[in-house]
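Heads up: the structure comes next, in structure tokens.
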Amino acid sequence: MLDLESATLAIRVRRDDSAENVVASKVFLFLSGLFFCNAANAGLQFEEGIARDPENMRPLYKEEHWIRFNELVPVERLVLYRCMDGTAFARKRVNYRPSAQAPAFEFVDARKGYVEGLRYKQNQAALWYRPPGTAAEKNALLAVKNLVADAGFNEFIRINWLQLRAGNALPLEFAVPTRLQAYKFNLRQTRESLFAGAPAVTYQLKLSGLWSLLADPIEVTYDKTSRRLLRFQGLSNLRNDEGQFDLKAQIDFPQPSRAAPEEDWQKNLAAPLTGCRLSR
């Protein structure tokens, strides 16, 4: 669902870590991560997404999400990313307590040893990342309004659902750890449709200004009644097998979340991560 690193802008002139590709990828992490709003009253819920190559629909990887709720409010999230053979290669942990739409998080990808996240220092958001093959961390404080980060994008949609449904385009600034800054985006509703026979609504996330002419948007489709994420389409928050931010994916979440036993959280939090290839 996003990351964004999770966003919506891949300039396809070259396959490298250009600023545009990195931003797009961040928004997805967002997003992919980005988006489980089920009517869970409390406790732990589980939901799974399957990512496919949008060009040939070949399965790429799976996302397993455990979301802890307090009433209807998400408190924390654990995501395990698996290759199609079941190998766990990446993990993300999200803490919504400091901010619903800009939560603290840590993402680890064992394929290249890449780590990134957002933490809070004296109530101020700080982005950080550790490049593959290095022990030195790079970080920077953020001082922006309307900050959105990672899976907080889903909460931003929930909070602003009525405004978006009314046709308003909403600005936001999406955090991109590898750039140690936030980029300006616009979010708006683009269409209503039927998705697997149920009424659905699609929102589009685009970079603001001239960047929007050079980058593809991200689209997310929600069930109109339950407001549950059904599909993410765009640049994934994951790097490709070569370590570049140009992995495009269609991620479907076919089943609503279900209750999960508490021991699943600790088991998957401690699960070993191993490198594997998405292109197999």
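Labels for the structure tokens follow display order: chains A, B, ..., residues from 1 in each chain, ligands from 1.
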Fewer than 5 positions away in the same chain doesn't count, so skip those; otherwise give me all residues within 6 Å of Lys248 of chain A, counting only C-alpha atoms, as a VMD selection string.
chain A and resid 234 to 236
Can you tell me which residues surround Trp265 of chain A at a distance of at most 9 Å, considering only C-alpha atoms, apart from same-chain residues fewer than 5 positions away, and format the answer as a ChimeraX atom specification?
/A:44,66,78,260,270
Do a neighbour search on segment 273-279 of chain A at 6 Å with only C-alpha atoms, toss out local chain neighbours closer than 3 positions, and write the hits as a list in words.
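The contact residues come out as Leu60, Ala88, Phe89, Ala110, Arg111 and Asp241 of chain A.
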Restricting the output to N, CA and C atoms, write the selected residues as a short mmCIF file (atom, residue, chain, number, x, y, z; two decimals), in the first residue's frame.
data_model
loop_
_atom_site.label_atom_id
_atom_site.label_comp_id
_atom_site.auth_asym_id
_atom_site.auth_seq_id
_atom_site.Cartn_x
_atom_site.Cartn_y
_atom_site.Cartn_z
N LEU A 60 4.63 -10.91 -7.54
CA LEU A 60 5.95 -10.45 -7.15
C LEU A 60 6.27 -10.78 -5.69
N ALA A 88 10.65 -14.60 4.06
CA ALA A 88 10.46 -13.24 4.59
C ALA A 88 11.74 -12.45 4.36
N PHE A 89 11.64 -11.31 3.64
CA PHE A 89 12.83 -10.54 3.30
C PHE A 89 12.81 -9.12 3.83
N ALA A 110 16.22 -6.93 4.10
CA ALA A 110 17.41 -7.76 4.24
C ALA A 110 18.10 -8.03 2.91
N ARG A 111 17.47 -7.76 1.79
CA ARG A 111 18.08 -8.07 0.50
C ARG A 111 19.36 -7.26 0.27
N ASP A 241 15.14 -5.94 -7.52
CA ASP A 241 16.22 -6.86 -7.16
C ASP A 241 17.60 -6.26 -7.30
#
So which residues touch segment 129-144 of chain A within 8 Å, counting only C-alpha atoms, skipping near sequence neighbours fewer than 5 positions away, as a ChimeraX atom specification?
/A:112-117,124,173,177-178,180-182
Residues from last step as file, N, CA, C and O atoms, as a compact mmCIF listing (two decimals), in the first residue's frame:
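Written file, part-v2.txt:
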# COMPACT_ATOMS: atom_id res chain seq x y z
N LYS A 112 19.34 -5.99 0.65
CA LYS A 112 20.52 -5.13 0.48
C LYS A 112 21.00 -4.53 1.80
O LYS A 112 21.92 -3.73 1.82
N GLY A 113 20.32 -4.89 2.90
CA GLY A 113 20.70 -4.33 4.18
C GLY A 113 20.27 -2.90 4.36
O GLY A 113 20.89 -2.14 5.11
N TYR A 114 19.17 -2.51 3.72
CA TYR A 114 18.71 -1.12 3.76
C TYR A 114 17.75 -0.92 4.93
O TYR A 114 16.86 -1.75 5.18
N VAL A 115 17.90 0.20 5.66
CA VAL A 115 17.04 0.51 6.80
C VAL A 115 16.66 1.99 6.73
O VAL A 115 17.49 2.84 6.40
N GLU A 116 15.40 2.31 7.05
CA GLU A 116 14.96 3.70 7.06
C GLU A 116 13.79 3.85 8.01
O GLU A 116 13.19 2.87 8.47
N GLY A 117 13.44 5.12 8.31
CA GLY A 117 12.29 5.31 9.17
C GLY A 117 12.06 6.76 9.54
O GLY A 117 12.68 7.69 9.00
N GLN A 124 9.03 16.43 17.58
CA GLN A 124 9.31 16.85 16.21
C GLN A 124 9.75 15.64 15.40
O GLN A 124 10.59 14.85 15.82
N GLU A 173 2.16 16.88 2.53
CA GLU A 173 3.60 16.76 2.35
C GLU A 173 4.01 15.37 2.83
O GLU A 173 3.83 15.04 4.01
N PRO A 177 12.30 9.37 3.65
CA PRO A 177 13.51 9.24 4.46
C PRO A 177 14.82 9.33 3.69
O PRO A 177 15.76 9.99 4.15
N THR A 178 14.92 8.69 2.53
CA THR A 178 16.20 8.71 1.82
C THR A 178 16.57 10.07 1.28
O THR A 178 17.72 10.30 0.90
N LEU A 180 15.57 12.75 3.20
CA LEU A 180 15.57 13.53 4.45
C LEU A 180 14.71 14.79 4.33
O LEU A 180 15.03 15.84 4.90
N GLN A 181 13.61 14.68 3.60
CA GLN A 181 12.69 15.80 3.46
C GLN A 181 11.31 15.30 3.06
O GLN A 181 11.13 14.11 2.81
N ALA A 182 10.38 16.23 3.00
CA ALA A 182 9.01 15.91 2.59
C ALA A 182 8.71 16.61 1.27
O ALA A 182 9.19 17.72 1.03
Selection near segment 157-166 of chain A, 12 Å with only C-alpha atoms, sequence-local residues under 5 positions removed, as JSON, numbers by chain
{"A": [31, 34, 35, 36, 37, 38, 72, 73, 74, 100, 101, 148, 151, 152, 171, 172, 186, 187, 188, 189, 190, 191, 192, 200, 201, 202, 203, 204, 205, 220, 221, 222, 224, 225, 226, 227, 228, 229]}
Taking only C-alpha atoms into account, name the residue in A:Glu47, A:Glu63, A:Asp53, A:Glu262 that is nearest to Arg82 of chain A.
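Among the listed residues, A:Glu63 lies closest to Arg82 of chain A.
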Taking only segment 46-157 of chain A into account, list the residues labelled strand (DSSP E) by DSSP (computed from the backbone), as an mmCIF file with N, CA, C and O atoms, in the first residue's frame.
data_model
loop_
_atom_site.group_PDB
_atom_site.id
_atom_site.type_symbol
_atom_site.label_atom_id
_atom_site.label_comp_id
_atom_site.auth_asym_id
_atom_site.auth_seq_id
_atom_site.Cartn_x
_atom_site.Cartn_y
_atom_site.Cartn_z
ATOM 1 N N PHE A 46 -5.552 -9.146 11.139
ATOM 2 C CA PHE A 46 -4.611 -9.576 10.100
ATOM 3 C C PHE A 46 -5.223 -9.375 8.722
ATOM 4 O O PHE A 46 -6.410 -9.609 8.511
ATOM 5 N N GLU A 47 -4.377 -8.912 7.775
ATOM 6 C CA GLU A 47 -4.816 -8.755 6.389
ATOM 7 C C GLU A 47 -3.618 -8.999 5.469
ATOM 8 O O GLU A 47 -2.479 -8.692 5.817
ATOM 9 N N GLU A 48 -3.889 -9.543 4.301
ATOM 10 C CA GLU A 48 -2.814 -9.882 3.367
ATOM 11 C C GLU A 48 -3.034 -9.219 2.017
ATOM 12 O O GLU A 48 -4.157 -9.141 1.516
ATOM 13 N N GLY A 49 -1.941 -8.731 1.437
ATOM 14 C CA GLY A 49 -1.973 -8.167 0.095
ATOM 15 C C GLY A 49 -1.048 -8.946 -0.817
ATOM 16 O O GLY A 49 -0.015 -9.453 -0.386
ATOM 17 N N ILE A 50 -1.423 -9.037 -2.093
ATOM 18 C CA ILE A 50 -0.601 -9.719 -3.087
ATOM 19 C C ILE A 50 -0.209 -8.708 -4.156
ATOM 20 O O ILE A 50 -1.067 -8.071 -4.766
ATOM 21 N N ALA A 51 1.105 -8.546 -4.348
ATOM 22 C CA ALA A 51 1.630 -7.589 -5.326
ATOM 23 C C ALA A 51 1.942 -8.317 -6.631
ATOM 24 O O ALA A 51 2.582 -9.371 -6.627
ATOM 25 N N ARG A 52 1.520 -7.696 -7.742
ATOM 26 C CA ARG A 52 1.763 -8.264 -9.065
ATOM 27 C C ARG A 52 2.388 -7.215 -9.978
ATOM 28 O O ARG A 52 2.180 -6.010 -9.789
ATOM 29 N N PRO A 59 2.847 -12.597 -10.145
ATOM 30 C CA PRO A 59 3.008 -12.316 -8.713
ATOM 31 C C PRO A 59 4.447 -11.951 -8.372
ATOM 32 O O PRO A 59 5.392 -12.587 -8.858
ATOM 33 N N LEU A 60 4.627 -10.911 -7.544
ATOM 34 C CA LEU A 60 5.948 -10.446 -7.147
ATOM 35 C C LEU A 60 6.265 -10.775 -5.692
ATOM 36 O O LEU A 60 7.328 -11.303 -5.380
ATOM 37 N N TYR A 61 5.349 -10.432 -4.801
ATOM 38 C CA TYR A 61 5.570 -10.667 -3.375
ATOM 39 C C TYR A 61 4.246 -10.541 -2.634
ATOM 40 O O TYR A 61 3.227 -10.130 -3.196
ATOM 41 N N LYS A 62 4.274 -10.890 -1.352
ATOM 42 C CA LYS A 62 3.111 -10.778 -0.485
ATOM 43 C C LYS A 62 3.414 -9.822 0.667
ATOM 44 O O LYS A 62 4.555 -9.712 1.104
ATOM 45 N N GLU A 63 2.379 -9.156 1.141
ATOM 46 C CA GLU A 63 2.470 -8.320 2.334
ATOM 47 C C GLU A 63 1.535 -8.890 3.393
ATOM 48 O O GLU A 63 0.342 -9.075 3.137
ATOM 49 N N GLU A 64 2.054 -9.166 4.572
ATOM 50 C CA GLU A 64 1.232 -9.638 5.681
ATOM 51 C C GLU A 64 1.182 -8.538 6.737
ATOM 52 O O GLU A 64 2.217 -8.119 7.250
ATOM 53 N N HIS A 65 -0.027 -8.069 7.023
ATOM 54 C CA HIS A 65 -0.214 -6.937 7.949
ATOM 55 C C HIS A 65 -0.918 -7.397 9.222
ATOM 56 O O HIS A 65 -1.961 -8.040 9.160
ATOM 57 N N TRP A 66 -0.340 -7.030 10.356
ATOM 58 C CA TRP A 66 -1.009 -7.183 11.646
ATOM 59 C C TRP A 66 -1.208 -5.778 12.196
ATOM 60 O O TRP A 66 -0.258 -5.014 12.338
ATOM 61 N N ILE A 67 -2.459 -5.424 12.478
ATOM 62 C CA ILE A 67 -2.785 -4.082 12.942
ATOM 63 C C ILE A 67 -3.451 -4.176 14.312
ATOM 64 O O ILE A 67 -4.457 -4.889 14.468
ATOM 65 N N ARG A 68 -2.894 -3.476 15.275
ATOM 66 C CA ARG A 68 -3.468 -3.470 16.615
ATOM 67 C C ARG A 68 -4.363 -2.242 16.773
ATOM 68 O O ARG A 68 -3.927 -1.107 16.524
ATOM 69 N N PHE A 69 -5.601 -2.469 17.166
ATOM 70 C CA PHE A 69 -6.582 -1.394 17.315
ATOM 71 C C PHE A 69 -6.929 -1.163 18.780
ATOM 72 O O PHE A 69 -6.914 -2.080 19.594
ATOM 73 N N ASN A 70 -7.253 0.081 19.071
ATOM 74 C CA ASN A 70 -7.900 0.455 20.323
ATOM 75 C C ASN A 70 -9.222 1.080 19.915
ATOM 76 O O ASN A 70 -9.253 2.199 19.408
ATOM 77 N N VAL A 73 -9.379 2.860 16.432
ATOM 78 C CA VAL A 73 -8.168 3.616 16.154
ATOM 79 C C VAL A 73 -6.957 2.682 16.090
ATOM 80 O O VAL A 73 -6.688 1.951 17.042
ATOM 81 N N PRO A 74 -6.210 2.697 14.979
ATOM 82 C CA PRO A 74 -4.996 1.872 14.922
ATOM 83 C C PRO A 74 -3.928 2.424 15.852
ATOM 84 O O PRO A 74 -3.685 3.628 15.892
ATOM 85 N N VAL A 75 -3.277 1.539 16.592
ATOM 86 C CA VAL A 75 -2.243 1.922 17.535
ATOM 87 C C VAL A 75 -0.868 1.574 16.992
ATOM 88 O O VAL A 75 0.082 2.358 17.111
ATOM 89 N N GLU A 76 -0.738 0.397 16.395
ATOM 90 C CA GLU A 76 0.523 0.003 15.787
ATOM 91 C C GLU A 76 0.266 -1.040 14.706
ATOM 92 O O GLU A 76 -0.782 -1.670 14.659
ATOM 93 N N ARG A 77 1.268 -1.192 13.850
ATOM 94 C CA ARG A 77 1.160 -2.096 12.708
ATOM 95 C C ARG A 77 2.496 -2.812 12.504
ATOM 96 O O ARG A 77 3.569 -2.223 12.668
ATOM 97 N N LEU A 78 2.404 -4.073 12.140
ATOM 98 C CA LEU A 78 3.574 -4.862 11.794
ATOM 99 C C LEU A 78 3.334 -5.440 10.403
ATOM 100 O O LEU A 78 2.277 -6.004 10.133
ATOM 101 N N VAL A 79 4.317 -5.257 9.509
ATOM 102 C CA VAL A 79 4.196 -5.750 8.140
ATOM 103 C C VAL A 79 5.383 -6.651 7.830
ATOM 104 O O VAL A 79 6.535 -6.262 8.063
ATOM 105 N N LEU A 80 5.096 -7.837 7.317
ATOM 106 C CA LEU A 80 6.138 -8.752 6.879
ATOM 107 C C LEU A 80 5.994 -8.930 5.375
ATOM 108 O O LEU A 80 4.900 -9.224 4.873
ATOM 109 N N TYR A 81 7.089 -8.727 4.650
ATOM 110 C CA TYR A 81 7.100 -8.864 3.192
ATOM 111 C C TYR A 81 7.735 -10.205 2.845
ATOM 112 O O TYR A 81 8.833 -10.523 3.316
ATOM 113 N N ARG A 82 7.071 -10.980 1.994
ATOM 114 C CA ARG A 82 7.555 -12.302 1.628
ATOM 115 C C ARG A 82 7.633 -12.461 0.114
ATOM 116 O O ARG A 82 6.749 -12.002 -0.616
ATOM 117 N N CYS A 83 8.697 -13.119 -0.346
ATOM 118 C CA CYS A 83 8.732 -13.555 -1.736
ATOM 119 C C CYS A 83 7.655 -14.622 -1.919
ATOM 120 O O CYS A 83 7.115 -15.160 -0.944
ATOM 121 N N ALA A 88 10.646 -14.596 4.056
ATOM 122 C CA ALA A 88 10.463 -13.239 4.593
ATOM 123 C C ALA A 88 11.742 -12.445 4.358
ATOM 124 O O ALA A 88 12.812 -12.841 4.810
ATOM 125 N N PHE A 89 11.635 -11.310 3.642
ATOM 126 C CA PHE A 89 12.828 -10.541 3.303
ATOM 127 C C PHE A 89 12.814 -9.116 3.831
ATOM 128 O O PHE A 89 13.849 -8.441 3.821
ATOM 129 N N ALA A 90 11.677 -8.624 4.285
ATOM 130 C CA ALA A 90 11.618 -7.249 4.801
ATOM 131 C C ALA A 90 10.542 -7.151 5.870
ATOM 132 O O ALA A 90 9.589 -7.954 5.895
ATOM 133 N N ARG A 91 10.711 -6.165 6.738
ATOM 134 C CA ARG A 91 9.748 -5.972 7.825
ATOM 135 C C ARG A 91 9.603 -4.487 8.108
ATOM 136 O O ARG A 91 10.564 -3.717 8.014
ATOM 137 N N LYS A 92 8.409 -4.106 8.475
ATOM 138 C CA LYS A 92 8.144 -2.719 8.862
ATOM 139 C C LYS A 92 7.324 -2.719 10.145
ATOM 140 O O LYS A 92 6.376 -3.497 10.297
ATOM 141 N N ARG A 93 7.683 -1.815 11.065
ATOM 142 C CA ARG A 93 6.906 -1.638 12.284
ATOM 143 C C ARG A 93 6.489 -0.180 12.381
ATOM 144 O O ARG A 93 7.327 0.720 12.248
ATOM 145 N N VAL A 94 5.206 0.037 12.611
ATOM 146 C CA VAL A 94 4.629 1.379 12.614
ATOM 147 C C VAL A 94 4.003 1.665 13.973
ATOM 148 O O VAL A 94 3.271 0.829 14.515
ATOM 149 N N ASN A 95 4.264 2.843 14.509
ATOM 150 C CA ASN A 95 3.707 3.286 15.790
ATOM 151 C C ASN A 95 2.880 4.548 15.544
ATOM 152 O O ASN A 95 3.434 5.615 15.259
ATOM 153 N N ALA A 104 5.473 7.152 13.618
ATOM 154 C CA ALA A 104 6.857 6.695 13.657
ATOM 155 C C ALA A 104 6.911 5.311 13.020
ATOM 156 O O ALA A 104 5.974 4.519 13.155
ATOM 157 N N PHE A 105 8.008 5.019 12.308
ATOM 158 C CA PHE A 105 8.123 3.684 11.717
ATOM 159 C C PHE A 105 9.582 3.347 11.465
ATOM 160 O O PHE A 105 10.451 4.213 11.409
ATOM 161 N N GLU A 106 9.817 2.040 11.312
ATOM 162 C CA GLU A 106 11.129 1.534 10.917
ATOM 163 C C GLU A 106 10.929 0.448 9.871
ATOM 164 O O GLU A 106 10.122 -0.465 10.063
ATOM 165 N N PHE A 107 11.652 0.542 8.777
ATOM 166 C CA PHE A 107 11.563 -0.420 7.679
ATOM 167 C C PHE A 107 12.944 -1.025 7.447
ATOM 168 O O PHE A 107 13.937 -0.299 7.331
ATOM 169 N N VAL A 108 12.998 -2.356 7.382
ATOM 170 C CA VAL A 108 14.250 -3.078 7.178
ATOM 171 C C VAL A 108 14.085 -4.023 5.996
ATOM 172 O O VAL A 108 13.134 -4.810 5.952
ATOM 173 N N ASP A 109 15.006 -3.946 5.022
ATOM 174 C CA ASP A 109 15.008 -4.837 3.861
ATOM 175 C C ASP A 109 16.317 -5.622 3.873
ATOM 176 O O ASP A 109 17.401 -5.057 3.687
ATOM 177 N N TYR A 114 19.173 -2.507 3.719
ATOM 178 C CA TYR A 114 18.708 -1.122 3.762
ATOM 179 C C TYR A 114 17.748 -0.918 4.935
ATOM 180 O O TYR A 114 16.861 -1.748 5.179
ATOM 181 N N VAL A 115 17.896 0.201 5.656
ATOM 182 C CA VAL A 115 17.038 0.515 6.797
ATOM 183 C C VAL A 115 16.659 1.995 6.727
ATOM 184 O O VAL A 115 17.487 2.841 6.401
ATOM 185 N N GLU A 116 15.400 2.309 7.049
ATOM 186 C CA GLU A 116 14.960 3.701 7.063
ATOM 187 C C GLU A 116 13.787 3.854 8.011
ATOM 188 O O GLU A 116 13.195 2.867 8.474
ATOM 189 N N GLY A 117 13.436 5.118 8.311
ATOM 190 C CA GLY A 117 12.288 5.315 9.172
ATOM 191 C C GLY A 117 12.058 6.761 9.536
ATOM 192 O O GLY A 117 12.678 7.690 9.003
ATOM 193 N N LEU A 118 11.129 6.915 10.467
ATOM 194 C CA LEU A 118 10.789 8.225 11.025
ATOM 195 C C LEU A 118 10.644 8.038 12.520
ATOM 196 O O LEU A 118 9.993 7.098 12.981
ATOM 197 N N ARG A 119 11.272 8.925 13.290
ATOM 198 C CA ARG A 119 11.136 8.901 14.735
ATOM 199 C C ARG A 119 10.817 10.313 15.227
ATOM 200 O O ARG A 119 10.921 11.289 14.464
ATOM 201 N N TYR A 120 10.426 10.422 16.475
ATOM 202 C CA TYR A 120 10.105 11.738 17.038
ATOM 203 C C TYR A 120 11.119 12.114 18.108
ATOM 204 O O TYR A 120 11.476 11.303 18.962
ATOM 205 N N LYS A 121 11.612 13.353 18.003
ATOM 206 C CA LYS A 121 12.521 13.918 18.993
ATOM 207 C C LYS A 121 11.872 15.168 19.572
ATOM 208 O O LYS A 121 11.680 16.157 18.867
ATOM 209 N N GLN A 124 9.034 16.434 17.580
ATOM 210 C CA GLN A 124 9.309 16.848 16.212
ATOM 211 C C GLN A 124 9.750 15.638 15.397
ATOM 212 O O GLN A 124 10.589 14.848 15.824
ATOM 213 N N ALA A 125 9.173 15.515 14.196
ATOM 214 C CA ALA A 125 9.479 14.380 13.344
ATOM 215 C C ALA A 125 10.905 14.469 12.815
ATOM 216 O O ALA A 125 11.377 15.539 12.418
ATOM 217 N N ALA A 126 11.584 13.328 12.809
ATOM 218 C CA ALA A 126 12.945 13.254 12.278
ATOM 219 C C ALA A 126 13.041 12.056 11.339
ATOM 220 O O ALA A 126 12.705 10.931 11.718
ATOM 221 N N LEU A 127 13.459 12.307 10.113
ATOM 222 C CA LEU A 127 13.667 11.234 9.144
ATOM 223 C C LEU A 127 15.076 10.690 9.273
ATOM 224 O O LEU A 127 16.007 11.426 9.611
ATOM 225 N N TRP A 128 15.251 9.404 8.975
ATOM 226 C CA TRP A 128 16.573 8.797 9.047
ATOM 227 C C TRP A 128 16.647 7.617 8.092
ATOM 228 O O TRP A 128 15.631 7.023 7.726
ATOM 229 N N TYR A 129 17.851 7.288 7.678
ATOM 230 C CA TYR A 129 18.079 6.079 6.894
ATOM 231 C C TYR A 129 19.524 5.657 7.008
ATOM 232 O O TYR A 129 20.399 6.455 7.358
ATOM 233 N N ARG A 130 19.752 4.391 6.737
ATOM 234 C CA ARG A 130 21.104 3.842 6.742
ATOM 235 C C ARG A 130 21.327 3.134 5.414
ATOM 236 O O ARG A 130 20.700 2.103 5.142
ATOM 237 N N LYS A 138 22.089 8.556 8.517
ATOM 238 C CA LYS A 138 21.855 9.934 8.118
ATOM 239 C C LYS A 138 20.469 10.326 8.613
ATOM 240 O O LYS A 138 19.519 9.548 8.508
ATOM 241 N N ASN A 139 20.322 11.544 9.140
ATOM 242 C CA ASN A 139 19.036 11.950 9.687
ATOM 243 C C ASN A 139 18.855 13.451 9.584
ATOM 244 O O ASN A 139 19.816 14.207 9.406
ATOM 245 N N ALA A 140 17.599 13.878 9.705
ATOM 246 C CA ALA A 140 17.274 15.309 9.653
ATOM 247 C C ALA A 140 15.898 15.535 10.265
ATOM 248 O O ALA A 140 14.980 14.720 10.085
ATOM 249 N N LEU A 141 15.765 16.637 10.997
ATOM 250 C CA LEU A 141 14.465 17.024 11.545
ATOM 251 C C LEU A 141 13.597 17.630 10.449
ATOM 252 O O LEU A 141 14.098 18.252 9.511
ATOM 253 N N LEU A 147 2.139 17.084 7.523
ATOM 254 C CA LEU A 147 3.041 15.990 7.208
ATOM 255 C C LEU A 147 2.289 14.663 7.201
ATOM 256 O O LEU A 147 1.463 14.384 8.079
ATOM 257 N N VAL A 148 2.593 13.837 6.194
ATOM 258 C CA VAL A 148 2.051 12.484 6.091
ATOM 259 C C VAL A 148 3.231 11.545 5.889
ATOM 260 O O VAL A 148 4.169 11.863 5.145
#
Restricting the calculation to only C-alpha atoms: of A:Gln250, A:Asn240, A:Asn154, A:Gln45, which residue gets closest to Tyr96 of chain A?
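The closest residue to Tyr96 of chain A is A:Asn154.
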Pick from A:Tyr183, A:Phe153, A:Phe245, A:Phe195 nearest to Leu230 of chain A, counting only C-alpha atoms:
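Once distances to Leu230 of chain A are computed over only C-alpha atoms, the minimum belongs to A:Phe195.
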Straight-line distance linking atom CA of Phe174 of chain A with atom CA of Asp223 of chain A, stated in Å to one decimal
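Answer for the atom CA of Phe174 of chain A to atom CA of Asp223 of chain A separation: 23.7 Å.
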Hey, can you check how far atom CA of Asp246 of chain A sits from atom CA of Thr87 of chain A?
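Between atom CA of Asp246 of chain A and atom CA of Thr87 of chain A the gap works out to 21.7 Å.
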